[in-house]
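K.L.:
File follows, my_file.pdb with PDB, C-alpha atoms:
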ATOM      1  CA  MET P   1      -9.310 -28.991  21.493
ATOM      2  CA  ARG P   2     -10.333 -31.318  18.680
ATOM      3  CA  TRP P   3     -10.463 -29.921  15.196
ATOM      4  CA  ALA P   4     -14.018 -29.016  14.265
ATOM      5  CA  PRO P   5     -15.320 -28.749  10.697
ATOM      6  CA  GLY P   6     -14.955 -25.225   9.448
ATOM      7  CA  SER P   7     -12.466 -24.198  12.178
ATOM      8  CA  PRO P   8      -9.597 -23.539   9.755
ATOM      9  CA  TRP P   9     -11.783 -21.010   8.001
ATOM     10  CA  LEU P  10     -12.071 -18.892  11.116
ATOM     11  CA  LEU P  11      -8.388 -18.450  11.671
ATOM     12  CA  ALA P  12      -7.790 -18.380   7.949
ATOM     13  CA  LEU P  13     -10.113 -15.420   7.644
ATOM     14  CA  ALA P  14      -8.457 -13.685  10.572
ATOM     15  CA  VAL P  15      -5.098 -14.121   8.896
ATOM     16  CA  VAL P  16      -6.066 -12.950   5.461
ATOM     17  CA  LEU P  17      -7.878  -9.851   6.625
ATOM     18  CA  LEU P  18      -4.399  -8.600   7.375
ATOM     19  CA  ALA P  19      -3.582  -8.703   3.707
ATOM     20  CA  CYS P  20      -3.992  -4.985   3.050
ATOM     21  CA  GLY P  21      -0.428  -3.745   3.163
ATOM     22  CA  ALA P  22       0.621  -0.296   4.251
ATOM     23  CA  SER P  23       0.088   2.027   1.318
ATOM     24  CA  ALA P  24      -0.069   5.784   1.091
ATOM     25  CA  GLN P  25      -3.305   7.392   0.001
ATOM     26  CA  THR P  26      -1.504   9.253  -2.801
ATOM     27  CA  SER P  27       1.879   8.886  -4.450
ATOM     28  CA  VAL P  28       3.036  12.171  -2.903
ATOM     29  CA  ASP P  29       2.884  10.879   0.707
ATOM     30  CA  ARG P  30       6.407  10.013   1.878
ATOM     31  CA  ALA P  31       5.665   8.837   5.431
ATOM     32  CA  PHE P  32       2.528   8.033   7.418
ATOM     33  CA  VAL P  33       0.981   6.377  10.452
ATOM     34  CA  SER P  34      -2.386   4.788   9.676
ATOM     35  CA  VAL P  35      -5.209   3.230  11.719
ATOM     36  CA  THR P  36      -7.976   1.187  10.043
ATOM     37  CA  ALA P  37     -11.056  -0.350  11.665
ATOM     38  CA  ALA P  38     -14.009  -2.389  10.394
ATOM     39  CA  PRO P  39     -17.062  -3.764  12.212
ATOM     40  CA  GLY P  40     -18.070  -7.389  12.413
ATOM     41  CA  THR P  41     -19.130  -9.373   9.387
ATOM     42  CA  SER P  42     -20.833 -12.703   8.807
ATOM     43  CA  LEU P  43     -18.723 -15.524   7.440
ATOM     44  CA  GLY P  44     -21.567 -17.970   6.973
ATOM     45  CA  GLU P  45     -23.156 -20.598   9.201
ATOM     46  CA  ARG P  46     -20.135 -22.893   9.029
ATOM     47  CA  VAL P  47     -17.708 -20.205  10.137
ATOM     48  CA  GLY P  48     -19.342 -17.718  12.478
ATOM     49  CA  TRP P  49     -18.857 -14.002  13.047
ATOM     50  CA  LEU P  50     -15.759 -11.813  12.907
ATOM     51  CA  THR P  51     -16.301  -9.260  15.698
ATOM     52  CA  GLN P  52     -13.242  -7.026  15.656
ATOM     53  CA  ARG P  53     -10.669  -5.789  13.159
ATOM     54  CA  ARG P  54      -8.015  -3.237  14.058
ATOM     55  CA  GLN P  55      -5.071  -2.386  11.843
ATOM     56  CA  LEU P  56      -1.982  -0.242  12.389
ATOM     57  CA  ASP P  57       0.426   0.611   9.571
ATOM     58  CA  VAL P  58       3.602   2.691   9.611
ATOM     59  CA  PHE P  59       5.577   3.682   6.527
ATOM     60  CA  LEU P  60       8.776   5.728   6.383
ATOM     61  CA  SER P  61      10.921   6.881   3.491
ATOM     62  CA  LEU P  62      14.461   7.159   4.845
ATOM     63  CA  PRO P  63      16.803   9.954   3.659
ATOM     64  CA  PRO P  64      18.044   9.185   0.135
ATOM     65  CA  LEU P  65      21.693   8.691  -0.715
ATOM     66  CA  PHE P  66      23.039  10.589  -3.746
ATOM     67  CA  LEU P  67      25.874   8.649  -5.359
ATOM     68  CA  ASP P  68      28.819  10.933  -6.132
ATOM     69  CA  GLY P  69      29.782  11.248  -9.760
ATOM     70  CA  THR P  70      26.532   9.745 -11.008
ATOM     71  CA  ARG P  71      22.892  10.725 -11.319
ATOM     72  CA  LEU P  72      21.829   7.676  -9.318
ATOM     73  CA  ILE P  73      19.844   7.960  -6.078
ATOM     74  CA  LEU P  74      19.412   5.204  -3.465
ATOM     75  CA  ALA P  75      16.138   5.473  -1.519
ATOM     76  CA  PRO P  76      15.457   3.038   1.382
ATOM     77  CA  THR P  77      12.003   2.486   2.905
ATOM     78  CA  VAL P  78      10.678   0.723   6.010
ATOM     79  CA  THR P  79       7.149  -0.605   6.575
ATOM     80  CA  TYR P  80       5.589  -2.136   9.678
ATOM     81  CA  GLY P  81       2.035  -3.366  10.149
ATOM     82  CA  ARG P  82       0.121  -5.057  12.958
ATOM     83  CA  ARG P  83      -3.402  -6.440  12.881
ATOM     84  CA  VAL P  84      -5.628  -7.568  15.740
ATOM     85  CA  LEU P  85      -8.721  -9.690  15.063
ATOM     86  CA  SER P  86     -11.318 -11.471  17.195
ATOM     87  CA  LEU P  87     -13.913 -14.126  16.352
ATOM     88  CA  GLU P  88     -17.139 -15.386  17.949
ATOM     89  CA  ASP P  89     -18.461 -18.950  17.999
ATOM     90  CA  SER P  90     -15.337 -20.157  16.269
ATOM     91  CA  GLY P  91     -14.518 -23.381  18.054
ATOM     92  CA  LEU P  92     -10.870 -22.302  18.047
ATOM     93  CA  ARG P  93      -8.479 -22.040  20.939
ATOM     94  CA  ASP P  94      -8.874 -18.823  22.953
ATOM     95  CA  GLU P  95      -5.525 -17.422  21.787
ATOM     96  CA  ASP P  96      -6.578 -17.925  18.152
ATOM     97  CA  ALA P  97     -10.132 -16.620  18.474
ATOM     98  CA  SER P  98      -9.563 -13.512  20.619
ATOM     99  CA  GLY P  99      -7.001 -10.803  19.942
ATOM    100  CA  TYR P 100      -5.174 -12.771  17.253
ATOM    101  CA  ARG P 101      -2.152 -10.779  16.032
ATOM    102  CA  MET P 102      -0.374 -10.770  12.710
ATOM    103  CA  HIS P 103       2.675  -8.718  11.752
ATOM    104  CA  HIS P 104       4.074  -7.361   8.506
ATOM    105  CA  VAL P 105       7.653  -6.109   8.209
ATOM    106  CA  GLN P 106       9.098  -4.863   4.922
ATOM    107  CA  LEU P 107      12.456  -3.365   3.938
ATOM    108  CA  GLY P 108      12.856  -1.825   0.514
ATOM    109  CA  LEU P 109      15.634  -0.231  -1.515
ATOM    110  CA  SER P 110      15.101   1.707  -4.745
ATOM    111  CA  LEU P 111      17.651   2.822  -7.323
ATOM    112  CA  ILE P 112      16.411   5.980  -9.037
ATOM    113  CA  ARG P 113      17.826   7.450 -12.264
ATOM    114  CA  PRO P 114      16.390  10.775 -13.458
ATOM    115  CA  LEU P 115      16.806  11.439 -17.168
ATOM    116  CA  PRO P 116      15.838  15.123 -17.652
ATOM    117  CA  PRO P 117      13.712  16.675 -18.784
ATOM    118  CA  ARG P 118      10.994  14.028 -19.125
ATOM    119  CA  TRP P 119      12.043  10.588 -17.897
ATOM    120  CA  LEU P 120      12.562   8.884 -14.547
ATOM    121  CA  PHE P 121      13.550   5.215 -14.093
ATOM    122  CA  ILE P 122      13.179   3.238 -10.868
ATOM    123  CA  LEU P 123      14.498  -0.219 -10.020
ATOM    124  CA  SER P 124      13.510  -1.477  -6.562
ATOM    125  CA  LEU P 125      13.788  -4.612  -4.448
ATOM    126  CA  SER P 126      11.915  -5.327  -1.217
ATOM    127  CA  ALA P 127      11.880  -8.180   1.298
ATOM    128  CA  SER P 128       8.604  -8.663   3.132
ATOM    129  CA  ALA P 129       7.744 -10.955   6.053
ATOM    130  CA  ARG P 130       4.050 -11.562   6.813
ATOM    131  CA  SER P 131       3.426 -13.943   9.691
ATOM    132  CA  ASP P 132       2.147 -14.334  13.241
ATOM    133  CA  PHE P 133       5.743 -15.321  14.158
ATOM    134  CA  ARG P 134       4.443 -17.825  16.724
ATOM    135  CA  GLU P 135       6.983 -20.326  15.466
ATOM    136  CA  GLY P 136       9.742 -17.724  15.271
ATOM    137  CA  PHE P 137      11.129 -16.270  12.064
ATOM    138  CA  GLN P 138      11.326 -18.827   9.260
ATOM    139  CA  PRO P 139      12.942 -17.189   6.197
ATOM    140  CA  GLY P 140      11.927 -19.934   3.801
ATOM    141  CA  GLU P 141       8.220 -19.562   4.625
ATOM    142  CA  ASP P 142       7.828 -16.053   6.015
ATOM    143  CA  LEU P 143       9.793 -14.089   3.419
ATOM    144  CA  ALA P 144       8.592 -12.910   0.012
ATOM    145  CA  TRP P 145      10.646 -10.895  -2.474
ATOM    146  CA  THR P 146       9.330  -8.242  -4.835
ATOM    147  CA  GLY P 147      11.210  -6.527  -7.654
ATOM    148  CA  VAL P 148       9.830  -3.543  -9.556
ATOM    149  CA  PHE P 149      10.997  -1.864 -12.752
ATOM    150  CA  LEU P 150       9.174   1.386 -13.419
ATOM    151  CA  ALA P 151       9.575   4.016 -16.131
ATOM    152  CA  SER P 152       7.877   7.374 -15.722
ATOM    153  CA  ARG P 153       7.488  10.132 -18.314
ATOM    154  CA  ASN P 154       6.314  13.684 -17.659
ATOM    155  CA  LEU P 155       3.869  14.729 -20.356
ATOM    156  CA  ASP P 156       4.199  18.460 -19.693
ATOM    157  CA  ALA P 157       6.940  20.867 -18.635
ATOM    158  CA  GLU P 158       5.283  21.603 -15.283
ATOM    159  CA  ARG P 159       5.318  17.883 -14.319
ATOM    160  CA  THR P 160       1.594  17.920 -13.590
ATOM    161  CA  VAL P 161       0.773  14.978 -15.906
ATOM    162  CA  LYS P 162       2.801  11.790 -15.674
ATOM    163  CA  LEU P 163       2.534   8.369 -17.323
ATOM    164  CA  SER P 164       4.166   5.351 -15.626
ATOM    165  CA  PHE P 165       4.523   1.761 -16.758
ATOM    166  CA  GLY P 166       6.582  -1.239 -15.742
ATOM    167  CA  LEU P 167       6.675  -4.763 -14.351
ATOM    168  CA  VAL P 168       6.445  -6.318 -10.886
ATOM    169  CA  VAL P 169       8.243  -9.623 -10.256
ATOM    170  CA  VAL P 170       7.199 -11.653  -7.192
ATOM    171  CA  TYR P 171       8.893 -14.666  -5.586
ATOM    172  CA  PRO P 172       7.494 -16.982  -4.420
ATOM    173  CA  PHE P 173       4.322 -16.385  -6.403
ATOM    174  CA  ASP P 174       0.777 -17.716  -6.075
ATOM    175  CA  LEU P 175      -0.707 -16.991  -9.496
ATOM    176  CA  LEU P 176       1.660 -15.050 -11.800
ATOM    177  CA  PRO P 177       5.397 -14.401 -11.338
ATOM    178  CA  VAL P 178       5.286 -11.191 -13.405
ATOM    179  CA  ILE P 179       2.542  -8.553 -13.166
ATOM    180  CA  PRO P 180       2.210  -5.487 -15.424
ATOM    181  CA  LEU P 181       2.036  -2.069 -13.807
ATOM    182  CA  VAL P 182       0.557   1.055 -15.412
ATOM    183  CA  GLY P 183      -0.637   4.386 -14.098
ATOM    184  CA  LEU P 184      -1.486   7.979 -14.991
ATOM    185  CA  VAL P 185      -1.035  10.858 -12.543
ATOM    186  CA  TYR P 186      -2.790  14.183 -13.166
ATOM    187  CA  ARG P 187      -2.133  16.998 -10.667
ATOM    188  CA  ARG P 188      -3.217  20.155 -12.450
ATOM    189  CA  GLY P 189      -5.183  23.038 -10.970
ATOM    190  CA  ASP P 190      -7.710  21.886  -8.379
ATOM    191  CA  TYR P 191      -7.752  18.247  -9.492
ATOM    192  CA  ILE P 192      -5.714  15.211  -8.480
ATOM    193  CA  ALA P 193      -6.200  11.946 -10.347
ATOM    194  CA  GLU P 194      -4.074   8.826  -9.957
ATOM    195  CA  VAL P 195      -5.528   6.130 -12.163
ATOM    196  CA  GLY P 196      -3.947   2.730 -12.660
ATOM    197  CA  PHE P 197      -3.626  -0.807 -11.462
ATOM    198  CA  PRO P 198      -4.048  -1.637  -8.625
ATOM    199  CA  ARG P 199      -5.082   1.759  -7.117
ATOM    200  CA  VAL P 200      -7.287   4.714  -8.097
ATOM    201  CA  ASN P 201      -7.490   8.129  -6.378
ATOM    202  CA  LEU P 202      -9.741  10.954  -7.609
ATOM    203  CA  LEU P 203      -9.536  14.120  -5.497
ATOM    204  CA  ARG P 204     -10.457  17.785  -5.787
ATOM    205  CA  LYS P 205      -8.777  20.599  -3.877
ATOM    206  CA  LEU P 206     -11.003  23.029  -2.011
ATOM    207  CA  GLY P 207      -8.481  25.710  -1.208
ATOM    208  CA  GLU P 208      -4.905  25.029  -0.173
ATOM    209  CA  GLY P 209      -5.639  22.759   2.788
ATOM    210  CA  LEU P 210      -8.641  20.602   1.932
ATOM    211  CA  GLU P 211      -9.201  17.720  -0.512
ATOM    212  CA  VAL P 212     -12.302  15.602  -1.155
ATOM    213  CA  GLY P 213     -12.889  12.670  -3.479
ATOM    214  CA  VAL P 214     -12.981   8.906  -3.839
ATOM    215  CA  THR P 215     -10.404   6.124  -3.638
ATOM    216  CA  GLY P 216     -10.355   2.490  -4.694
ATOM    217  CA  SER P 217      -7.917  -0.414  -4.488
ATOM    218  CA  PHE P 218      -7.546  -4.025  -5.559
ATOM    219  CA  GLU P 219      -5.179  -6.196  -3.521
ATOM    220  CA  ARG P 220      -4.052  -9.818  -3.334
ATOM    221  CA  GLN P 221      -1.771 -10.938  -0.506
ATOM    222  CA  THR P 222      -0.547 -14.242   0.940
ATOM    223  CA  PHE P 223       0.287 -14.875   4.619
ATOM    224  CA  HIS P 224       2.177 -17.630   6.358
ATOM    225  CA  ALA P 225       0.527 -18.512   9.674
ATOM    226  CA  SER P 226       0.558 -21.204  12.333
ATOM    227  CA  LEU P 227      -2.754 -23.025  11.884
ATOM    228  CA  PRO P 228      -2.291 -26.279  13.814
ATOM    229  CA  GLN P 229      -5.834 -27.534  13.292
ATOM    230  CA  ALA P 230      -5.892 -26.625   9.619
ATOM    231  CA  ARG P 231      -2.435 -28.112   9.031
ATOM    232  CA  GLU P 232      -3.331 -31.434  10.607
ATOM    233  CA  ALA P 233      -6.650 -31.752   8.793
ATOM    234  CA  LEU P 234      -5.946 -30.053   5.458
ATOM    235  CA  GLY P 235      -2.219 -29.410   5.168
ATOM    236  CA  ALA P 236      -2.798 -25.625   5.110
ATOM    237  CA  HIS P 237       0.265 -23.375   5.509
ATOM    238  CA  TYR P 238      -0.828 -20.135   3.823
ATOM    239  CA  VAL P 239      -3.913 -17.999   3.427
ATOM    240  CA  GLN P 240      -4.551 -15.856   0.359
ATOM    241  CA  GLU P 241      -6.861 -12.833   0.345
ATOM    242  CA  THR P 242      -8.267 -10.927  -2.602
ATOM    243  CA  SER P 243     -10.080  -7.681  -1.790
ATOM    244  CA  LEU P 244     -11.694  -4.724  -3.520
ATOM    245  CA  ARG P 245     -12.257  -1.483  -1.574
ATOM    246  CA  VAL P 246     -13.975   1.810  -2.434
ATOM    247  CA  ALA P 247     -14.274   4.840  -0.162
ATOM    248  CA  HIS P 248     -14.930   8.554   0.141
ATOM    249  CA  ALA P 249     -11.832  10.542   1.093
ATOM    250  CA  LEU P 250     -11.422  13.774   3.049
ATOM    251  CA  ASN P 251      -7.913  15.166   3.573
ATOM    252  CA  VAL P 252      -7.007  18.191   5.695
ATOM    253  CA  ARG P 253      -3.673  19.982   5.923
ATOM    254  CA  LEU P 254      -2.803  20.368   9.604
ATOM    255  CA  TRP P 255       0.412  22.359   9.360
ATOM    256  CA  GLY P 256       3.060  22.797   6.697
ATOM    257  CA  GLU P 257       3.547  19.424   4.995
ATOM    258  CA  LEU P 258       1.602  17.454   7.643
ATOM    259  CA  TRP P 259      -1.793  16.090   6.508
ATOM    260  CA  LEU P 260      -4.679  14.243   8.164
ATOM    261  CA  ASN P 261      -6.123  11.824   5.582
ATOM    262  CA  THR P 262      -9.416  10.003   6.149
ATOM    263  CA  ALA P 263     -11.365   7.415   4.162
ATOM    264  CA  ALA P 264     -14.724   5.772   4.854
ATOM    265  CA  GLY P 265     -16.280   3.211   2.540
ATOM    266  CA  LEU P 266     -16.917  -0.436   1.795
ATOM    267  CA  ILE P 267     -14.951  -3.625   1.415
ATOM    268  CA  VAL P 268     -17.129  -4.747  -1.468
ATOM    269  CA  ALA P 269     -15.377  -8.024  -2.277
ATOM    270  CA  ASN P 270     -13.442 -10.427  -0.089
ATOM    271  CA  GLY P 271     -12.153 -13.787  -1.257
ATOM    272  CA  PHE P 272     -10.155 -16.071   1.021
ATOM    273  CA  THR P 273      -8.355 -19.271   0.091
ATOM    274  CA  LEU P 274      -6.266 -21.801   2.012
ATOM    275  CA  LEU P 275      -3.000 -22.833   0.343
ATOM    276  CA  ASP P 276      -0.731 -25.788   0.984
ATOM    277  CA  ARG P 277       3.033 -25.720   1.522
ATOM    278  CA  ARG P 278       3.619 -25.323  -2.245
ATOM    279  CA  ARG P 279       1.181 -22.370  -2.315
ATOM    280  CA  GLU P 280      -1.389 -24.338  -4.276
ATOM    281  CA  ARG P 281      -5.091 -24.051  -3.530
ATOM    282  CA  ILE P 282      -6.674 -26.636  -1.272
ATOM    283  CA  GLY P 283      -9.861 -27.881  -2.922
ATOM    284  CA  GLY P 284     -13.101 -26.595  -1.428
ATOM    285  CA  MET P 285     -11.335 -24.154   0.897
ATOM    286  CA  ASP P 286     -12.600 -20.910  -0.659
ATOM    287  CA  LEU P 287     -14.599 -18.435   1.390
ATOM    288  CA  GLY P 288     -16.341 -15.188   0.466
ATOM    289  CA  ALA P 289     -17.127 -12.722   3.258
ATOM    290  CA  SER P 290     -20.048 -10.326   3.080
ATOM    291  CA  THR P 291     -19.672  -6.645   2.182
ATOM    292  CA  THR P 292     -18.737  -4.539   5.194
ATOM    293  CA  PRO P 293     -17.927  -0.882   5.897
ATOM    294  CA  TYR P 294     -14.493   0.296   7.000
ATOM    295  CA  ALA P 295     -12.782   3.524   8.039
ATOM    296  CA  ARG P 296      -9.165   4.648   7.847
ATOM    297  CA  VAL P 297      -7.375   7.625   9.412
ATOM    298  CA  ASP P 298      -3.738   8.447   8.772
ATOM    299  CA  LEU P 299      -1.282  11.187   9.575
ATOM    300  CA  SER P 300       1.046  11.721   6.623
ATOM    301  CA  TRP P 301       4.040  13.780   5.574
ATOM    302  CA  ARG P 302       3.456  15.114   2.076
ATOM    303  CA  PRO P 303       6.218  17.293   0.617
ATOM    304  CA  ALA P 304       5.033  19.688  -2.063
ATOM    305  CA  PRO P 305       5.868  18.484  -5.604
ATOM    306  CA  ARG P 306       8.921  20.256  -6.993
ATOM    307  CA  VAL P 307       8.377  22.525  -9.987
ATOM    308  CA  PRO P 308      11.229  22.770 -12.533
ATOM    309  CA  ALA P 309      13.156  26.039 -12.309
ATOM    310  CA  THR P 310      12.565  26.663 -16.016
ATOM    311  CA  VAL P 311       8.815  27.111 -15.461
ATOM    312  CA  ARG P 312       8.894  29.004 -12.155
ATOM    313  CA  PRO P 313       8.031  32.706 -12.342
ATOM    314  CA  ALA P 314      10.954  34.926 -11.398
ATOM    315  CA  PRO P 315      10.583  36.725  -8.033
ATOM    316  CA  ALA P 316       9.726  40.418  -8.189
ATOM    317  CA  GLY P 317      13.100  41.389  -6.744
ATOM    318  CA  ALA P 318      14.895  39.382  -9.384
ATOM    319  CA  ARG P 319      12.928  41.048 -12.191
ATOM    320  CA  GLU P 320      13.722  44.490 -10.803
ATOM    321  CA  GLY P 321      17.426  43.609 -10.617
ATOM    322  CA  VAL P 322      17.418  42.545 -14.245
ATOM    323  CA  SER P 323      15.722  45.802 -15.265
ATOM    324  CA  SER P 324      18.242  47.941 -13.391
ATOM    325  CA  ARG P 325      21.148  46.102 -15.021
ATOM    326  CA  LEU P 326      19.630  46.584 -18.448
ATOM    327  CA  GLY P 327      19.103  50.251 -17.749
ATOM    328  CA  ALA P 328      15.962  52.410 -17.992
ATOM    329  CA  LEU P 329      14.298  52.721 -21.340
ATOM    330  CA  PRO P 330      14.535  56.222 -22.810
ATOM    331  CA  VAL P 331      11.366  58.336 -22.743
ATOM    332  CA  ARG P 332      10.214  59.348 -26.203
TER     333      ARG P 332
END
Starting from the file, lay out its structure as structure tokens.

P.N.:
Amino acid sequence: MRWAPGSPWLLALAVVLLACGASAQTSVDRAFVSVTAAPGTSLGERVGWLTQRRQLDVFLSLPPLFLDGTRLILAPTVTYGRRVLSLEDSGLRDEDASGYRMHHVQLGLSLIRPLPPRWLFILSLSASARSDFREGFQPGEDLAWTGVFLASRNLDAERTVKLSFGLVVVYPFDLLPVIPLVGLVYRRGDYIAEVGFPRVNLLRKLGEGLEVGVTGSFERQTFHASLPQAREALGAHYVQETSLRVAHALNVRLWGELWLNTAAGLIVANGFTLLDRRRERIGGMDLGASTTPYARVDLSWRPAPRVPATVRPAPAGAREGVSSRLGALPVR
């Protein structure tokens, strides 16, 4: 099929809508399986209509390794994501326009150093491949590396208020090689607030097994994809997506530490850009999609936050044992 004007945009959009990486709804979630869906949206007269978006994400924190003789902890993680998209009136080949699949595989390793009673330091490195893998695995183009240095300080003895700050280093980068990271976590009483860049979660507990609130996220991702028509006509090798999402959240505890988390809201901003082999913008190849609703459901494992032993109330049996050892007070 001959390349038609606007065709690269169709596949480019399909690629970049996969940009939302697997991310837990709150920082307490340690593993989850997530399904996200969004209805069709108009991409303009030149581009057509995106009819289907399905997204599957899996995240797993593997058992940590405690290094003997030190206070260092090694924590590995694994992420997998798959996206399926379909387009109407695209002028693309059938395999590109219907059921187009993109994959995301990420391996991460974090070095954690607690510094009681207030501080925690984290140094992590992750390798991430985002591609349709139609041309096989190409490390030089598929792989991206991310390094994170994060310092966290508990602002109270119960560890219910925490301030975090640090830096994220990305290679190869599209805009900035170093990005600041800051966040505040408040988990006191019936309220949960995680405010920072690039995510915000505001939740309220209604009993021990129900949470309601709002979530928001800002994300920018870059994908390597096989776009034969776009490469021949424009020299496009990558697609960059910038998105802003807001949603209502409803979370239900199913059993023990197993939660069903749901979110329904809007993708209020979508920006898509074609990049060349050097990850530089191709002039005139920017596209903004219209606002569209979306829904997400995930099943997560959420261990209860640990409370320091120094602030835990002593069990009744323990208090009685102490009293008996001290002896009964004389009656006056």

K.L.:
Would you mind listing, for every residue of range 256-292 of chain P within 12 Å of range 137-141 of chain P, the two atoms forming the shortest contact and the distance between them in Å to one decimal, using all atoms listed in the file, sorted by chain and ascending residue number, as a Markdown table?

P.N.:
| residue | atom | partner | partner_atom | distance |
| --- | --- | --- | --- | --- |
| P:Asp276 | CA | P:Glu141 | CA | 11.5 |
| P:Arg277 | CA | P:Glu141 | CA | 8.6 |
| P:Arg278 | CA | P:Glu141 | CA | 10.1 |
| P:Arg279 | CA | P:Glu141 | CA | 10.3 |

K.L.:
Within 9 Å of Arg187 in chain P, counting only C-alpha atoms, which residues qualify if same-chain residues fewer than 4 places away don't, as a PyMOL selection string?

P.N.:
chain P and resi 159-162+191-194

K.L.:
For this file, the PyMOL selection byres ((chain P and resi 125) around 6) selects which residues, as a PyMOL selection string?

P.N.:
chain P and resi 108-109+124+126+146-147

K.L.:
Could you write those residues out with C-alpha atoms, as a PDB file, keeping the file's coordinate frame?

P.N.:
ATOM      1  CA  GLY P 108      12.856  -1.825   0.514  1.00  0.00           C
ATOM      2  CA  LEU P 109      15.634  -0.231  -1.515  1.00  0.00           C
ATOM      3  CA  SER P 124      13.510  -1.477  -6.562  1.00  0.00           C
ATOM      4  CA  SER P 126      11.915  -5.327  -1.217  1.00  0.00           C
ATOM      5  CA  THR P 146       9.330  -8.242  -4.835  1.00  0.00           C
ATOM      6  CA  GLY P 147      11.210  -6.527  -7.654  1.00  0.00           C
TER       7      GLY P 147
END

K.L.:
Taking the file as shown, what set of residues would the PyMOL selection byres ((chain P and resi 219-224) around 7) give back, as a PDB file with C-alpha atoms, keeping the file's coordinate frame?

P.N.:
ATOM      1  CA  VAL P  15      -5.098 -14.121   8.896  1.00  0.00           C
ATOM      2  CA  VAL P  16      -6.066 -12.950   5.461  1.00  0.00           C
ATOM      3  CA  ALA P  19      -3.582  -8.703   3.707  1.00  0.00           C
ATOM      4  CA  CYS P  20      -3.992  -4.985   3.050  1.00  0.00           C
ATOM      5  CA  ARG P 130       4.050 -11.562   6.813  1.00  0.00           C
ATOM      6  CA  SER P 131       3.426 -13.943   9.691  1.00  0.00           C
ATOM      7  CA  GLU P 141       8.220 -19.562   4.625  1.00  0.00           C
ATOM      8  CA  ASP P 142       7.828 -16.053   6.015  1.00  0.00           C
ATOM      9  CA  PRO P 198      -4.048  -1.637  -8.625  1.00  0.00           C
ATOM     10  CA  SER P 217      -7.917  -0.414  -4.488  1.00  0.00           C
ATOM     11  CA  PHE P 218      -7.546  -4.025  -5.559  1.00  0.00           C
ATOM     12  CA  ALA P 225       0.527 -18.512   9.674  1.00  0.00           C
ATOM     13  CA  HIS P 237       0.265 -23.375   5.509  1.00  0.00           C
ATOM     14  CA  TYR P 238      -0.828 -20.135   3.823  1.00  0.00           C
ATOM     15  CA  VAL P 239      -3.913 -17.999   3.427  1.00  0.00           C
ATOM     16  CA  GLN P 240      -4.551 -15.856   0.359  1.00  0.00           C
ATOM     17  CA  GLU P 241      -6.861 -12.833   0.345  1.00  0.00           C
ATOM     18  CA  THR P 242      -8.267 -10.927  -2.602  1.00  0.00           C
ATOM     19  CA  SER P 243     -10.080  -7.681  -1.790  1.00  0.00           C
ATOM     20  CA  LEU P 244     -11.694  -4.724  -3.520  1.00  0.00           C
TER      21      LEU P 244
END

K.L.:
Expressed in Å to a single decimal, how great is the separation between CA of Ala38 in chain P and CA of Ala295 in chain P?

P.N.:
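Taking CA of Ala38 in chain P as the start and CA of Ala295 in chain P as the end point, the length is 6.5 Å.
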
K.L.:
Closest to Glu88 in chain P among P:Thr41, P:Asn261, P:Ser152, P:Ser34, using all atoms listed in the file?

P.N.:
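That would be P:Thr41, the residue with the smallest distance to Glu88 in chain P.
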
K.L.:
What would the selection look like, as an NGL selection string, if the PyMOL selection byres ((chain P and resi 66-70) around 12) were run on the coordinates I just shared?

P.N.:
:P and (63-65 or 71-76 or 110-115)

K.L.:
Calculated over all atoms listed in the file, which of the candidates P:Pro228, P:Phe173, P:Asp57, P:Gly235 has the smallest distance to Leu275 in chain P?

P.N.:
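Result for the nearest residue to Leu275 in chain P: P:Gly235.
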
K.L.:
Env of His104 in chain P: 8 Å cut, atoms = all atoms listed in the file, seq-sep filter 3 positions within chain, self excluded. Answer as number ranges by chain.

P.N.:
P: 21, 79-82, 128-131

K.L.:
Quote the spacing between CA of Gly213 in chain P and CA of Leu250 in chain P in Å to one decimal place.

P.N.:
6.8 Å
